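Visitor: mmCIF, N, CA and C atoms, file query-v4.cif:
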data_work
loop_
_atom_site.label_atom_id
_atom_site.label_comp_id
_atom_site.auth_asym_id
_atom_site.auth_seq_id
_atom_site.Cartn_x
_atom_site.Cartn_y
_atom_site.Cartn_z
N MET A 1 -1.35 -8.30 -16.56
CA MET A 1 -1.51 -7.07 -15.80
C MET A 1 -1.56 -7.38 -14.31
N ARG A 2 -0.87 -6.60 -13.54
CA ARG A 2 -0.93 -6.75 -12.09
C ARG A 2 -1.29 -5.41 -11.46
N ILE A 3 -1.78 -5.49 -10.23
CA ILE A 3 -2.13 -4.30 -9.47
C ILE A 3 -1.26 -4.28 -8.22
N LEU A 4 -0.73 -3.11 -7.90
CA LEU A 4 0.13 -2.93 -6.74
C LEU A 4 -0.63 -2.19 -5.66
N GLY A 5 -0.55 -2.66 -4.43
CA GLY A 5 -1.18 -1.99 -3.30
C GLY A 5 -0.13 -1.34 -2.43
N ILE A 6 -0.39 -0.13 -1.96
CA ILE A 6 0.57 0.61 -1.16
C ILE A 6 -0.09 1.13 0.12
N ASP A 7 0.54 0.83 1.25
CA ASP A 7 0.18 1.43 2.53
C ASP A 7 1.28 2.43 2.85
N TYR A 8 1.01 3.72 2.59
CA TYR A 8 2.02 4.77 2.68
C TYR A 8 2.12 5.32 4.10
N GLY A 9 3.33 5.29 4.65
CA GLY A 9 3.58 5.83 5.99
C GLY A 9 4.76 6.77 5.99
N ASP A 10 5.01 7.38 7.14
CA ASP A 10 6.09 8.36 7.26
C ASP A 10 7.49 7.79 7.01
N SER A 11 7.74 6.59 7.51
CA SER A 11 9.08 6.02 7.35
C SER A 11 9.08 4.63 6.71
N ARG A 12 7.91 3.99 6.70
CA ARG A 12 7.80 2.66 6.09
C ARG A 12 6.58 2.61 5.18
N VAL A 13 6.71 1.83 4.10
CA VAL A 13 5.62 1.65 3.15
C VAL A 13 5.42 0.17 2.89
N GLY A 14 4.21 -0.29 3.12
CA GLY A 14 3.87 -1.68 2.82
C GLY A 14 3.50 -1.83 1.37
N ILE A 15 3.97 -2.94 0.77
CA ILE A 15 3.73 -3.21 -0.64
C ILE A 15 3.07 -4.58 -0.78
N ALA A 16 2.01 -4.64 -1.57
CA ALA A 16 1.34 -5.90 -1.90
C ALA A 16 1.10 -5.92 -3.40
N ILE A 17 0.96 -7.10 -3.95
CA ILE A 17 0.75 -7.23 -5.40
C ILE A 17 -0.24 -8.35 -5.68
N THR A 18 -0.97 -8.21 -6.78
CA THR A 18 -1.90 -9.27 -7.18
C THR A 18 -1.16 -10.34 -7.97
N ASP A 19 -1.82 -11.47 -8.12
CA ASP A 19 -1.35 -12.49 -9.05
C ASP A 19 -1.62 -11.95 -10.46
N PRO A 20 -1.11 -12.60 -11.51
CA PRO A 20 -1.30 -12.08 -12.88
C PRO A 20 -2.76 -11.94 -13.31
N LEU A 21 -3.67 -12.71 -12.70
CA LEU A 21 -5.09 -12.62 -13.06
C LEU A 21 -5.86 -11.63 -12.19
N CYS A 22 -5.16 -10.99 -11.25
CA CYS A 22 -5.76 -10.00 -10.34
C CYS A 22 -6.89 -10.58 -9.49
N ILE A 23 -6.68 -11.82 -9.04
CA ILE A 23 -7.68 -12.48 -8.21
C ILE A 23 -7.31 -12.40 -6.73
N THR A 24 -6.02 -12.58 -6.44
CA THR A 24 -5.57 -12.58 -5.05
C THR A 24 -4.50 -11.52 -4.83
N ALA A 25 -4.33 -11.14 -3.57
CA ALA A 25 -3.30 -10.17 -3.19
C ALA A 25 -2.31 -10.85 -2.25
N GLN A 26 -1.03 -10.61 -2.49
CA GLN A 26 0.01 -11.17 -1.64
C GLN A 26 0.89 -10.03 -1.13
N GLY A 27 1.29 -10.15 0.13
CA GLY A 27 2.24 -9.19 0.68
C GLY A 27 3.58 -9.37 0.01
N MET A 28 4.22 -8.27 -0.33
CA MET A 28 5.49 -8.34 -1.02
C MET A 28 6.65 -7.91 -0.12
N GLU A 29 6.58 -6.70 0.41
CA GLU A 29 7.68 -6.21 1.24
C GLU A 29 7.26 -4.93 1.95
N THR A 30 8.08 -4.55 2.91
CA THR A 30 7.98 -3.25 3.55
C THR A 30 9.23 -2.48 3.17
N ILE A 31 9.03 -1.30 2.61
CA ILE A 31 10.16 -0.46 2.21
C ILE A 31 10.42 0.53 3.34
N ASN A 32 11.60 0.45 3.94
CA ASN A 32 12.02 1.41 4.95
C ASN A 32 12.74 2.54 4.23
N TYR A 33 12.12 3.70 4.19
CA TYR A 33 12.69 4.80 3.41
C TYR A 33 12.97 6.04 4.24
N ASN A 34 12.56 6.03 5.51
CA ASN A 34 12.82 7.12 6.45
C ASN A 34 12.54 8.51 5.90
N GLY A 35 11.44 8.66 5.18
CA GLY A 35 11.02 9.96 4.67
C GLY A 35 11.70 10.41 3.38
N ASN A 36 12.61 9.60 2.84
CA ASN A 36 13.30 9.95 1.59
C ASN A 36 12.51 9.38 0.41
N ASP A 37 11.66 10.22 -0.19
CA ASP A 37 10.79 9.76 -1.27
C ASP A 37 11.56 9.27 -2.49
N LYS A 38 12.78 9.77 -2.70
CA LYS A 38 13.57 9.31 -3.85
C LYS A 38 13.86 7.82 -3.74
N ILE A 39 14.23 7.36 -2.56
CA ILE A 39 14.48 5.93 -2.33
C ILE A 39 13.20 5.14 -2.57
N LEU A 40 12.11 5.63 -2.01
CA LEU A 40 10.81 4.97 -2.14
C LEU A 40 10.34 4.89 -3.58
N LEU A 41 10.38 6.00 -4.28
CA LEU A 41 9.90 6.04 -5.67
C LEU A 41 10.76 5.16 -6.58
N LYS A 42 12.05 5.11 -6.33
CA LYS A 42 12.94 4.26 -7.12
C LYS A 42 12.57 2.79 -6.95
N ARG A 43 12.33 2.37 -5.70
CA ARG A 43 11.98 0.97 -5.45
C ARG A 43 10.61 0.63 -6.06
N ILE A 44 9.65 1.52 -5.92
CA ILE A 44 8.33 1.28 -6.51
C ILE A 44 8.45 1.18 -8.03
N GLU A 45 9.24 2.04 -8.63
CA GLU A 45 9.44 2.00 -10.08
C GLU A 45 10.05 0.66 -10.50
N GLU A 46 10.98 0.14 -9.74
CA GLU A 46 11.58 -1.17 -10.04
C GLU A 46 10.53 -2.27 -9.99
N ILE A 47 9.68 -2.24 -8.98
CA ILE A 47 8.62 -3.25 -8.84
C ILE A 47 7.63 -3.14 -10.00
N VAL A 48 7.23 -1.92 -10.34
CA VAL A 48 6.28 -1.70 -11.44
C VAL A 48 6.82 -2.27 -12.74
N GLN A 49 8.09 -2.05 -13.01
CA GLN A 49 8.69 -2.56 -14.24
C GLN A 49 8.83 -4.08 -14.20
N GLU A 50 9.32 -4.61 -13.09
CA GLU A 50 9.54 -6.05 -12.98
C GLU A 50 8.25 -6.86 -13.11
N TYR A 51 7.17 -6.36 -12.51
CA TYR A 51 5.91 -7.11 -12.49
C TYR A 51 4.89 -6.60 -13.49
N GLU A 52 5.27 -5.65 -14.33
CA GLU A 52 4.37 -5.09 -15.34
C GLU A 52 3.05 -4.61 -14.73
N VAL A 53 3.18 -3.80 -13.69
CA VAL A 53 2.03 -3.25 -12.97
C VAL A 53 1.34 -2.21 -13.84
N LYS A 54 0.02 -2.28 -13.89
CA LYS A 54 -0.78 -1.33 -14.68
C LYS A 54 -1.58 -0.37 -13.80
N ILE A 55 -1.87 -0.79 -12.57
CA ILE A 55 -2.65 0.04 -11.65
C ILE A 55 -1.96 0.00 -10.29
N ILE A 56 -1.89 1.15 -9.63
CA ILE A 56 -1.40 1.24 -8.26
C ILE A 56 -2.55 1.74 -7.39
N VAL A 57 -2.75 1.08 -6.27
CA VAL A 57 -3.80 1.46 -5.33
C VAL A 57 -3.14 1.92 -4.03
N VAL A 58 -3.42 3.15 -3.64
CA VAL A 58 -2.84 3.72 -2.43
C VAL A 58 -3.94 3.89 -1.39
N GLY A 59 -3.67 3.46 -0.17
CA GLY A 59 -4.62 3.63 0.92
C GLY A 59 -4.74 5.09 1.31
N MET A 60 -5.97 5.58 1.42
CA MET A 60 -6.21 6.97 1.80
C MET A 60 -6.65 7.00 3.27
N PRO A 61 -5.87 7.71 4.10
CA PRO A 61 -6.14 7.71 5.55
C PRO A 61 -7.28 8.65 5.95
N LEU A 62 -8.47 8.13 5.95
CA LEU A 62 -9.64 8.92 6.36
C LEU A 62 -9.92 8.73 7.85
N ASN A 63 -10.60 9.71 8.44
CA ASN A 63 -11.04 9.57 9.83
C ASN A 63 -12.20 8.58 9.88
N MET A 64 -12.52 8.12 11.07
CA MET A 64 -13.59 7.14 11.22
C MET A 64 -14.94 7.68 10.72
N ASN A 65 -15.14 8.99 10.75
CA ASN A 65 -16.40 9.56 10.26
C ASN A 65 -16.37 9.86 8.76
N GLY A 66 -15.27 9.46 8.08
CA GLY A 66 -15.17 9.63 6.64
C GLY A 66 -14.54 10.93 6.18
N THR A 67 -14.24 11.82 7.13
CA THR A 67 -13.59 13.08 6.75
C THR A 67 -12.10 12.84 6.54
N LYS A 68 -11.45 13.80 5.89
CA LYS A 68 -10.02 13.66 5.59
C LYS A 68 -9.19 13.84 6.86
N ALA A 69 -8.31 12.89 7.10
CA ALA A 69 -7.37 12.98 8.22
C ALA A 69 -6.24 13.93 7.83
N GLU A 70 -5.46 14.36 8.82
CA GLU A 70 -4.33 15.25 8.56
C GLU A 70 -3.36 14.63 7.54
N ARG A 71 -3.25 13.35 7.56
CA ARG A 71 -2.29 12.63 6.73
C ARG A 71 -2.70 12.59 5.24
N VAL A 72 -3.94 12.92 4.93
CA VAL A 72 -4.43 12.87 3.54
C VAL A 72 -3.59 13.78 2.64
N GLU A 73 -3.28 14.99 3.09
CA GLU A 73 -2.52 15.93 2.27
C GLU A 73 -1.13 15.36 1.93
N VAL A 74 -0.49 14.75 2.91
CA VAL A 74 0.83 14.13 2.70
C VAL A 74 0.71 12.99 1.69
N THR A 75 -0.33 12.20 1.83
CA THR A 75 -0.55 11.07 0.92
C THR A 75 -0.84 11.57 -0.49
N GLU A 76 -1.62 12.64 -0.61
CA GLU A 76 -1.92 13.20 -1.94
C GLU A 76 -0.65 13.73 -2.61
N LYS A 77 0.25 14.32 -1.85
CA LYS A 77 1.53 14.80 -2.41
C LYS A 77 2.36 13.62 -2.90
N PHE A 78 2.36 12.53 -2.12
CA PHE A 78 3.07 11.33 -2.54
C PHE A 78 2.48 10.78 -3.85
N ILE A 79 1.17 10.75 -3.95
CA ILE A 79 0.50 10.25 -5.16
C ILE A 79 0.89 11.11 -6.36
N HIS A 80 0.96 12.42 -6.16
CA HIS A 80 1.38 13.32 -7.24
C HIS A 80 2.80 12.97 -7.70
N LYS A 81 3.71 12.77 -6.76
CA LYS A 81 5.09 12.38 -7.09
C LYS A 81 5.11 11.05 -7.83
N LEU A 82 4.28 10.13 -7.38
CA LEU A 82 4.20 8.80 -7.99
C LEU A 82 3.74 8.90 -9.44
N LYS A 83 2.70 9.68 -9.68
CA LYS A 83 2.19 9.88 -11.04
C LYS A 83 3.22 10.57 -11.93
N SER A 84 3.90 11.57 -11.38
CA SER A 84 4.92 12.29 -12.15
C SER A 84 6.06 11.36 -12.54
N ARG A 85 6.46 10.48 -11.65
CA ARG A 85 7.59 9.57 -11.91
C ARG A 85 7.22 8.45 -12.85
N LEU A 86 6.01 7.91 -12.70
CA LEU A 86 5.63 6.71 -13.45
C LEU A 86 4.81 6.99 -14.70
N GLY A 87 4.35 8.21 -14.87
CA GLY A 87 3.65 8.58 -16.08
C GLY A 87 2.32 7.89 -16.30
N LYS A 88 2.31 6.89 -17.16
CA LYS A 88 1.05 6.30 -17.63
C LYS A 88 0.40 5.31 -16.68
N ILE A 89 0.97 5.08 -15.52
CA ILE A 89 0.37 4.16 -14.55
C ILE A 89 -0.87 4.81 -13.94
N ASP A 90 -1.96 4.06 -13.88
CA ASP A 90 -3.20 4.53 -13.28
C ASP A 90 -3.08 4.39 -11.76
N VAL A 91 -3.27 5.47 -11.02
CA VAL A 91 -3.19 5.45 -9.56
C VAL A 91 -4.58 5.69 -8.98
N LYS A 92 -5.03 4.75 -8.18
CA LYS A 92 -6.34 4.82 -7.53
C LYS A 92 -6.13 4.94 -6.02
N THR A 93 -7.17 5.35 -5.31
CA THR A 93 -7.11 5.36 -3.85
C THR A 93 -8.29 4.57 -3.30
N VAL A 94 -8.08 4.00 -2.13
CA VAL A 94 -9.16 3.33 -1.40
C VAL A 94 -9.08 3.75 0.06
N ASP A 95 -10.20 3.72 0.71
CA ASP A 95 -10.31 4.02 2.13
C ASP A 95 -9.52 2.97 2.91
N GLU A 96 -8.56 3.42 3.71
CA GLU A 96 -7.75 2.46 4.46
C GLU A 96 -8.11 2.41 5.95
N ARG A 97 -9.27 2.93 6.31
CA ARG A 97 -9.66 2.90 7.72
C ARG A 97 -9.63 1.47 8.24
N LEU A 98 -9.05 1.30 9.38
CA LEU A 98 -8.98 0.03 10.12
C LEU A 98 -8.06 -1.03 9.51
N THR A 99 -7.35 -0.73 8.43
CA THR A 99 -6.46 -1.76 7.87
C THR A 99 -5.34 -2.11 8.84
N THR A 100 -4.80 -1.12 9.54
CA THR A 100 -3.73 -1.40 10.50
C THR A 100 -4.27 -2.20 11.67
N VAL A 101 -5.48 -1.88 12.10
CA VAL A 101 -6.10 -2.65 13.19
C VAL A 101 -6.28 -4.10 12.76
N GLU A 102 -6.78 -4.32 11.55
CA GLU A 102 -6.96 -5.68 11.03
C GLU A 102 -5.63 -6.40 10.88
N ALA A 103 -4.60 -5.67 10.45
CA ALA A 103 -3.27 -6.26 10.31
C ALA A 103 -2.75 -6.75 11.66
N HIS A 104 -2.95 -5.93 12.70
CA HIS A 104 -2.52 -6.34 14.04
C HIS A 104 -3.31 -7.55 14.53
N LYS A 105 -4.61 -7.57 14.26
CA LYS A 105 -5.43 -8.74 14.64
C LYS A 105 -4.91 -10.00 13.96
N THR A 106 -4.60 -9.88 12.67
CA THR A 106 -4.08 -11.03 11.91
C THR A 106 -2.77 -11.52 12.51
N MET A 107 -1.87 -10.59 12.80
CA MET A 107 -0.57 -10.98 13.37
C MET A 107 -0.73 -11.61 14.75
N ASN A 108 -1.66 -11.09 15.57
CA ASN A 108 -1.92 -11.69 16.88
C ASN A 108 -2.48 -13.09 16.72
N TYR A 109 -3.40 -13.26 15.79
CA TYR A 109 -4.00 -14.57 15.53
C TYR A 109 -2.93 -15.57 15.11
N LEU A 110 -1.99 -15.12 14.29
CA LEU A 110 -0.92 -16.00 13.79
C LEU A 110 0.24 -16.12 14.78
N ASP A 111 0.10 -15.42 15.92
CA ASP A 111 1.11 -15.46 16.98
C ASP A 111 2.50 -15.06 16.46
N ILE A 112 2.53 -13.99 15.70
CA ILE A 112 3.79 -13.50 15.14
C ILE A 112 4.57 -12.78 16.24
N ASP A 113 5.86 -13.05 16.28
CA ASP A 113 6.76 -12.48 17.27
C ASP A 113 6.67 -10.95 17.27
N LYS A 114 6.64 -10.37 18.45
CA LYS A 114 6.47 -8.93 18.61
C LYS A 114 7.53 -8.14 17.83
N LYS A 115 8.76 -8.62 17.78
CA LYS A 115 9.84 -7.93 17.08
C LYS A 115 9.62 -7.90 15.57
N LYS A 116 8.93 -8.89 15.03
CA LYS A 116 8.69 -8.97 13.59
C LYS A 116 7.48 -8.14 13.16
N LYS A 117 6.61 -7.83 14.10
CA LYS A 117 5.37 -7.12 13.77
C LYS A 117 5.61 -5.76 13.12
N LYS A 118 6.61 -5.03 13.59
CA LYS A 118 6.87 -3.68 13.08
C LYS A 118 7.09 -3.69 11.57
N ASN A 119 7.81 -4.67 11.06
CA ASN A 119 8.10 -4.73 9.63
C ASN A 119 7.00 -5.42 8.83
N LEU A 120 6.12 -6.12 9.50
CA LEU A 120 5.04 -6.83 8.79
C LEU A 120 3.74 -6.05 8.70
N VAL A 121 3.48 -5.20 9.68
CA VAL A 121 2.16 -4.56 9.76
C VAL A 121 1.84 -3.76 8.50
N ASP A 122 2.81 -3.06 7.94
CA ASP A 122 2.54 -2.25 6.75
C ASP A 122 2.28 -3.11 5.51
N THR A 123 3.00 -4.22 5.42
CA THR A 123 2.79 -5.13 4.29
C THR A 123 1.41 -5.76 4.36
N ILE A 124 1.02 -6.20 5.54
CA ILE A 124 -0.31 -6.80 5.71
C ILE A 124 -1.39 -5.76 5.45
N SER A 125 -1.18 -4.53 5.90
CA SER A 125 -2.14 -3.46 5.62
C SER A 125 -2.27 -3.22 4.11
N ALA A 126 -1.14 -3.29 3.40
CA ALA A 126 -1.16 -3.12 1.93
C ALA A 126 -1.99 -4.24 1.28
N VAL A 127 -1.91 -5.44 1.84
CA VAL A 127 -2.72 -6.55 1.31
C VAL A 127 -4.20 -6.23 1.49
N TYR A 128 -4.59 -5.73 2.66
CA TYR A 128 -5.99 -5.38 2.90
C TYR A 128 -6.45 -4.25 1.97
N ILE A 129 -5.59 -3.27 1.74
CA ILE A 129 -5.91 -2.18 0.82
C ILE A 129 -6.16 -2.73 -0.57
N LEU A 130 -5.27 -3.61 -1.02
CA LEU A 130 -5.39 -4.20 -2.35
C LEU A 130 -6.63 -5.10 -2.45
N GLU A 131 -6.90 -5.87 -1.42
CA GLU A 131 -8.09 -6.73 -1.42
C GLU A 131 -9.37 -5.89 -1.49
N THR A 132 -9.38 -4.74 -0.81
CA THR A 132 -10.53 -3.84 -0.85
C THR A 132 -10.77 -3.38 -2.31
N TYR A 133 -9.70 -3.01 -2.97
CA TYR A 133 -9.82 -2.55 -4.36
C TYR A 133 -10.28 -3.69 -5.27
N ILE A 134 -9.66 -4.86 -5.13
CA ILE A 134 -10.05 -6.02 -5.97
C ILE A 134 -11.53 -6.31 -5.79
N GLY A 135 -11.99 -6.27 -4.53
CA GLY A 135 -13.40 -6.52 -4.25
C GLY A 135 -14.32 -5.49 -4.88
N SER A 136 -13.84 -4.28 -5.03
CA SER A 136 -14.68 -3.23 -5.60
C SER A 136 -14.81 -3.31 -7.12
N ILE A 137 -13.90 -4.04 -7.77
CA ILE A 137 -13.95 -4.13 -9.23
C ILE A 137 -14.50 -5.46 -9.72
N LYS A 138 -14.77 -6.38 -8.83
CA LYS A 138 -15.29 -7.70 -9.23
C LYS A 138 -16.79 -7.67 -9.32
#
Show me the file's structure as C-alpha coordinates.
Guide:
Amino acid sequence: MRILGIDYGDSRVGIAITDPLCITAQGMETINYNGNDKILLKRIEEIVQEYEVKIIVVGMPLNMNGTKAERVEVTEKFIHKLKSRLGKIDVKTVDERLTTVEAHKTMNYLDIDKKKKKNLVDTISAVYILETYIGSIK
(Lines of atoms letter the chains of each structure in order from A and count residues from 1; the text may use other names and numbers.)
(Lines give C-alpha, C1' and ligand atoms only; values in the text may rest on other atoms or scores of the structure.)
Protein backbone atom coordinates (compact mmCIF):
# COMPACT_ATOMS: atom_id res chain seq x y z
CA MET A 1 0.00 0.00 0.00
CA ARG A 2 1.23 3.48 -0.80
CA ILE A 3 -0.06 6.94 0.00
CA LEU A 4 -0.05 9.78 -2.53
CA GLY A 5 0.36 13.42 -1.51
CA ILE A 6 -1.04 16.24 -3.62
CA ASP A 7 -0.35 19.98 -3.51
CA TYR A 8 -3.21 21.25 -5.69
CA GLY A 9 -2.74 24.56 -7.52
CA ASP A 10 -4.36 26.49 -10.35
CA SER A 11 -1.96 25.39 -13.07
CA ARG A 12 0.52 23.04 -11.39
CA VAL A 13 0.10 20.15 -8.97
CA GLY A 14 2.88 18.70 -6.87
CA ILE A 15 2.89 14.94 -6.39
CA ALA A 16 4.68 12.94 -3.68
CA ILE A 17 4.46 9.27 -2.77
CA THR A 18 5.41 7.07 0.16
CA ASP A 19 7.65 4.05 0.05
CA PRO A 20 5.76 0.70 0.15
CA LEU A 21 5.90 0.66 3.98
CA CYS A 22 4.54 4.23 4.24
CA ILE A 23 7.51 5.38 6.29
CA THR A 24 9.02 8.05 4.04
CA ALA A 25 7.72 10.49 1.44
CA GLN A 26 9.50 11.24 -1.82
CA GLY A 27 8.78 13.94 -4.36
CA MET A 28 7.56 12.42 -7.60
CA GLU A 29 6.68 15.13 -10.10
CA THR A 30 4.92 18.38 -10.82
CA ILE A 31 2.00 18.06 -13.21
CA ASN A 32 1.51 21.14 -15.39
CA TYR A 33 -2.15 20.99 -16.34
CA ASN A 34 -3.04 24.67 -16.86
CA GLY A 35 -6.49 24.31 -15.28
CA ASN A 36 -7.53 21.29 -17.38
CA ASP A 37 -8.69 18.82 -14.71
CA LYS A 38 -9.09 16.03 -17.30
CA ILE A 39 -5.33 16.01 -17.93
CA LEU A 40 -4.65 16.14 -14.20
CA LEU A 41 -7.10 13.40 -13.22
CA LYS A 42 -5.83 11.11 -15.98
CA ARG A 43 -2.22 11.44 -14.77
CA ILE A 44 -3.21 10.91 -11.12
CA GLU A 45 -5.20 7.83 -12.11
CA GLU A 46 -2.13 6.43 -13.92
CA ILE A 47 0.03 6.98 -10.82
CA VAL A 48 -2.60 5.42 -8.52
CA GLN A 49 -2.74 2.30 -10.68
CA GLU A 50 1.01 2.00 -11.24
CA TYR A 51 1.91 2.36 -7.55
CA GLU A 52 -1.19 0.68 -6.07
CA VAL A 53 -2.10 3.78 -4.06
CA LYS A 54 -4.74 3.22 -1.38
CA ILE A 55 -4.93 6.69 0.17
CA ILE A 56 -4.58 10.16 -1.37
CA VAL A 57 -3.80 13.14 0.85
CA VAL A 58 -4.64 16.60 -0.50
CA GLY A 59 -3.36 19.78 1.12
CA MET A 60 -6.18 22.04 2.30
CA PRO A 61 -5.36 25.76 1.96
CA LEU A 62 -6.40 27.28 5.28
CA ASN A 63 -5.72 30.84 6.41
CA MET A 64 -3.13 31.39 9.13
CA ASN A 65 -5.93 31.71 11.71
CA GLY A 66 -7.35 28.31 10.68
CA THR A 67 -10.34 29.62 8.74
CA LYS A 68 -11.06 28.47 5.20
CA ALA A 69 -9.21 30.37 2.50
CA GLU A 70 -10.91 31.30 -0.77
CA ARG A 71 -9.10 28.42 -2.44
CA VAL A 72 -10.75 25.79 -0.17
CA GLU A 73 -13.91 25.65 -2.32
CA VAL A 74 -11.85 25.04 -5.48
CA THR A 75 -9.86 22.34 -3.70
CA GLU A 76 -13.04 20.68 -2.41
CA LYS A 77 -14.44 20.57 -5.98
CA PHE A 78 -11.20 18.95 -7.14
CA ILE A 79 -11.45 16.36 -4.35
CA HIS A 80 -15.02 15.57 -5.43
CA LYS A 81 -13.83 15.01 -9.02
CA LEU A 82 -10.97 12.86 -7.72
CA LYS A 83 -13.33 10.67 -5.67
CA SER A 84 -15.76 10.36 -8.58
CA ARG A 85 -12.99 9.28 -10.96
CA LEU A 86 -11.14 6.92 -8.64
CA GLY A 87 -14.04 5.42 -6.73
CA LYS A 88 -12.76 3.34 -3.84
CA ILE A 89 -9.63 5.38 -3.10
CA ASP A 90 -9.73 7.00 0.34
CA VAL A 91 -9.08 10.77 0.05
CA LYS A 92 -7.93 12.67 3.14
CA THR A 93 -7.03 16.31 3.65
CA VAL A 94 -4.35 17.94 5.78
CA ASP A 95 -3.65 21.55 6.67
CA GLU A 96 -1.11 22.85 4.16
CA ARG A 97 -0.35 26.17 5.84
CA LEU A 98 3.27 27.19 5.33
CA THR A 99 4.20 24.20 3.14
CA THR A 100 5.12 26.51 0.25
CA VAL A 101 7.16 28.69 2.60
CA GLU A 102 9.01 25.60 3.88
CA ALA A 103 9.53 24.38 0.31
CA HIS A 104 11.14 27.71 -0.63
CA LYS A 105 13.35 27.58 2.49
CA THR A 106 14.46 24.06 1.52
CA MET A 107 15.26 25.10 -2.04
CA ASN A 108 17.20 28.16 -0.82
CA TYR A 109 19.15 25.98 1.62
CA LEU A 110 19.99 23.56 -1.20
CA ASP A 111 20.92 26.51 -3.44
CA ILE A 112 18.59 25.35 -6.21
CA ASP A 113 18.73 27.44 -9.38
CA LYS A 114 15.99 30.08 -9.52
CA LYS A 115 14.72 28.78 -12.90
CA LYS A 116 14.20 25.28 -11.46
CA LYS A 117 12.33 26.46 -8.36
CA LYS A 118 9.02 27.04 -10.18
CA ASN A 119 8.70 23.36 -11.11
CA LEU A 120 10.06 22.04 -7.81
CA VAL A 121 8.15 24.08 -5.24
CA ASP A 122 4.88 22.19 -5.70
CA THR A 123 6.54 18.78 -5.52
CA ILE A 124 8.41 19.70 -2.34
CA SER A 125 5.18 21.09 -0.86
CA ALA A 126 3.48 17.76 -1.67
CA VAL A 127 6.25 15.99 0.26
CA TYR A 128 5.57 18.19 3.31
CA ILE A 129 1.82 17.53 3.00
CA LEU A 130 2.44 13.79 2.86
CA GLU A 131 4.92 13.89 5.75
CA THR A 132 2.33 15.76 7.85
CA TYR A 133 -0.19 12.99 7.19
CA ILE A 134 2.31 10.17 7.86
CA GLY A 135 3.21 11.85 11.16
CA SER A 136 -0.43 12.02 12.15
CA ILE A 137 -1.00 8.27 11.71
CA LYS A 138 2.17 6.99 13.41
Visitor: Between atom N of Ile44 in chain A and atom C of Val121 in chain A, what is the distance in Å, rounded to a tenth?
Guide: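 Spanning atom N of Ile44 in chain A to atom C of Val121 in chain A is a straight-line distance of 17.2 Å.
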Visitor: Between A:Lys116, A:Lys42, A:Lys88, A:Asn34, which is the closest to Val13 in chain A once you count all atoms listed in the file?
Guide: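 Nearest candidate to Val13 in chain A out of A:Lys116, A:Lys42, A:Lys88, A:Asn34: A:Asn34.
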Visitor: Which value, in Å to one decimal, gives the distance between CA of Asn108 in chain A and CA of Gly135 in chain A?
Guide: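 Interatomic distance here is 24.6 Å.
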Visitor: Atom C of Thr24 in chain A to atom N of Ile3 in chain A: how many Å, to one decimal?
Guide: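 Interatomic distance here is 8.5 Å.
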Visitor: Hey, what's within 6.5 Å of range 50-54 of chain A if we count only N, CA and C atoms and toss same-chain stuff fewer than 2 positions away? As a list in words, please?
Guide: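 With the cut-off at 6.5 Å, the set is Met1, Arg2, Ile3, Leu4, Glu45, Glu46, Ile47, Val48, Ile56, Ile89 and Asp90 of chain A.
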Visitor: Please identify the alpha helix (DSSP H) residues within chain A (assignment by DSSP from backbone atoms) and present them as JSON, numbers by chain.
Guide: {"A": [37, 38, 39, 40, 41, 42, 43, 44, 45, 46, 47, 48, 49, 50, 51, 71, 72, 73, 74, 75, 76, 77, 78, 79, 80, 81, 82, 83, 84, 85, 86, 99, 100, 101, 102, 103, 104, 105, 106, 107, 108, 109, 114, 115, 116, 117, 118, 119, 120, 121, 122, 123, 124, 125, 126, 127, 128, 129, 130, 131, 132, 133, 134, 135, 136, 137]}
Visitor: Return as a PyMOL selection string the set of residues that the PyMOL selection byres ((chain A and resi 62-70) around 6) yields on the displayed structure.
Guide: chain A and resi 60-61+71-74+95-97
Visitor: Translate the PyMOL selection byres ((chain A and resi 30-33) around 6.5), as applied to the file shown, into an explicit residue set as a list in words.
Guide: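 This file, filtered by the PyMOL selection byres ((chain A and resi 30-33) around 6.5), leaves Asp10, Ser11, Arg12, Val13, Gly14, Ile15, Met28, Glu29, Asn34, Gly35, Asn36, Asp37, Ile39, Leu40, Asn119, Asp122 and Thr123 of chain A.
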Visitor: Pick the closest to Ala16 in chain A from A:Ala126, A:Glu131, A:Ile137, A:Leu110: which is it, counting all atoms listed in the file?
Guide: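 Checking each of A:Ala126, A:Glu131, A:Ile137, A:Leu110 against Ala16 in chain A, counting all atoms listed in the file, the winner is A:Ala126.
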Visitor: Given the choices A:Leu130, A:Leu41, A:Val58, A:Val91, which gets closest to Ile17 in chain A if the distance is worked out from all atoms listed in the file?
Guide: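 So, comparing all the options, the nearest one is A:Leu130.
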Visitor: Return the padded bounding box of range 64-77 of chain A as lines of an AutoDock Vina configuration file: axis-aligned, built from all atoms listed in the file, 4 Å added on each side, with centre and edge lengths in Å to one decimal.
Guide:
center_x = -7.0
center_y = 11.5
center_z = 4.2
size_x = 26.8
size_y = 16.8
size_z = 22.1
Visitor: For a quick check of understanding, using only C-alpha atoms, which of A:Gly5, A:Pro20, A:Gly87, A:Gly59 has the smallest distance to Val127 in chain A?
Guide: A:Gly5
Visitor: Taking only C-alpha atoms into account, name the residue in A:Lys105, A:Cys22, A:Leu82, A:Gly9 that is nearest to Ile134 in chain A.
Guide: A:Cys22
